[in-house]
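Take a look at the structure below.
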Amino acid sequence: MTTEDFRKHAHELVEWMASYLENVEKYPVKSSVKPGEIFRKLPEDPPADPGSFTSLMNDLEEIIMPGITHWQSPNFFAYFPANSSPPSILAEMITATLAAQCMIWETSPAAAELEEKMMLWLREMIGLPESFEGVIQDTASTATLAAIITARERISGFRINELGAAAAGTLRVYCSEQTHSSVEKAVKICGIGRSNLVKIPVKDDYSLDADKLEEQILLDKKQKKKPCCVVATIGTTGTAAIDPVKQTGEICKKHGIWFHVDAAMGGTALILPEFRWMIEGCENIDSFVFNPHKWMFTNFDCTAYFIKDPDSLIKTFEILPEYLKTRTRGQVNDYRDWGVPLGRRFRALKLWSVIRSYGTRELQKKIRYHIELARQLSDMISGEPDFEILAPVNLNVVCFRFHPRGTKEEQLDKINEKLNHILNDSGKIYLTHTRVKGCYALRMVTGQTNVTLNHVAKAWELIKETARDLNG
Ligand SMILES: Cc1ncc(COP(=O)(O)O)c(C=O)c1O
């Protein structure tokens, strides 16, 4: 493709992109293709001869688009959002065009220094103290893995990196029963072992029971096990429960344990001063992660990882082969030393674009609105006698179920599962489920970039209507 062809197709593509964004609501939110359907439509062999971009776009429309689930639809209420926004998309276009590999300062000083500045901006926006330094990681899973490995190295005096897992005895990691599976994955793959992840019971509001946490720590110490890391969550995946950061942090400090906070989705709400109570006691946090790629309108992937003692992170991850030695080492941040991958995308650019384009005030307004939508949805549900709210409504998550009068408890899971499938198969809305106290719960998240009260109210009417039809 010549540069002239590129220019022509890029203009056409921008038209396609804008019209997709304008019309995203018209697509069925959840793709309804069957397993293998897309695969079978693709040729067995790669083409031997050059093909045109126009033919690729035709195949995109015919083969690929039917297999896309439209995360940017305002009728997407599933999982947690993976929001984008026009300023973020534009910045991604620049990142793709520059195609800089930003592994160290010298491979693009602007990328490293913009990243450093964006982390300072974000730190200020979410109210973390100045003692924290930040780095952009790909996902929260990677950041949590980095946190647990750093905790492992700190407790072992950096000996596990040298001698292997046997060098430190039995290390223990703690989190609540409601914690995201990325913590289990990290403990499993970092040599601590899944059996050494202790899942602490939760209270009635699904937040970590910090008293039970301390009891478990004391018991482990008595048995000569070594408490290594505690993970608390701000906005759990199931119900958006908020673990007690202050009390947990004090326990960690008392027992010399690394304290990691996973605020993957909920961290964005910290840009609102009225939600800062969620990180009260943050001076005892060692590491903190949140995803602008979930709720802060920034294309996947973009994870903000903050750490109080970056030296321990760097000591854990740095490696210095001859070909990576530079004259600026020590004077600048070489972010390849701040996590697992060597190669790094220029992710700071889209954050810069999002924050500049909205400004903090407009970001706050949108996040506040999303939280208000969850409250209004919860009121609508509470007002219907055949429905019930199953968990406290925190942030942007509402867990509920259809409970027609007179229906036996043991039938409710099946009814709600069926309701969920019918709703999602309709293509009109997409929501996912969780289990709350063992019950199948429908779960709606009002955090999509362009969701409005109108979308939420229409979704709720559809849910009620479908439930009524299901009940005969
Ligand atoms: C609380 C929590 N932590 C971590 C993750 C993992 O996020 P990522 O996909 O960025 O690894 C999720 C994903 O939904 C989550 O809800």
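Ordering of the structure tokens sets the chain letters (A, B, ...); residue numbers start at 1 within each chain; ligands are numbered from 1 in the order shown.
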Using only C-alpha atoms and all ligand atoms, find each protein or nucleic acid residue lying at most 9 Å from ligand 1; present the set as a ChimeraX atom specification.
/A:79-81,138-144,178-183,233-238,240,262-266,289-291,293-294,300-303
Give me the residues near A:Ile68 as JSON, numbers by chain, where near means some atom within 10 Å (using only C-alpha atoms) and where sequence neighbours in that chain fewer than 5 positions away do not count.
{"A": [27, 28, 29, 30, 31, 32, 33, 63]}
Identify, with DSSP run on backbone atoms, the residues in stretch 146-387 of chain A assigned to strand (DSSP E), and express the list as an MDAnalysis selection string.
chainID A and resid 171:176 197:200 226:233 258:262 287:290 303:307 387
Contacts of stretch 245-314 of chain A with stretch 448-457 of chain A up to 10 Å, shortest pair per row, only C-alpha atoms, as CSV:
```
residue,atom,partner,partner_atom,distance
A:Lys294,CA,A:Gln448,CA,9.0
A:Trp295,CA,A:Gln448,CA,7.4
A:Met296,CA,A:Thr449,CA,8.3
A:Phe297,CA,A:Thr449,CA,6.4
A:Thr298,CA,A:Thr449,CA,9.8
```
Close residues, A:Glu133 itself excluded, 8 Å, only C-alpha atoms, min 5 positions apart in chain, as a PyMOL selection string:
chain A and resi 119-120+306-310
Work out how far apart atom CA of A:Asp379 and atom CA of A:Thr434 are and give it in Å to one decimal.
20.2 Å
Pick out each residue of stretch 288-358 of chain A that DSSP on the backbone tags as helix (DSSP H, G or I); I need them as a ChimeraX atom specification.
/A:292-295,310-317,322-324,335-338,348-358
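We find atom CA of A:Lys117 and atom CA of A:Asp334 to be spaced 14.2 Å apart.
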May I ask which of the residues A:Gln72, A:Gln364, A:Gln137, A:Thr446 is the closest one to A:Met125, counting only C-alpha atoms?
A:Gln364
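Checking A:Arg276, A:Gly343, A:Val24, A:Ser287 one by one against A:Gly249, counting only C-alpha atoms, you find the shortest gap at A:Ser287.
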The residue from A:Ile217, A:Ala112, A:Glu12, A:Asn299 with the smallest atom-to-atom distance to A:Lys350, counting only C-alpha atoms, is A:Asn299
Quick one: everything within 12 Å of stretch 420-424 of chain A, counting only C-alpha atoms, minus sequence neighbours fewer than 4 positions away in the same chain. Send it as a ChimeraX atom specification.
/A:28-32,69,75-78,400-402,413-416,428-434,440-444,459-467,469-470
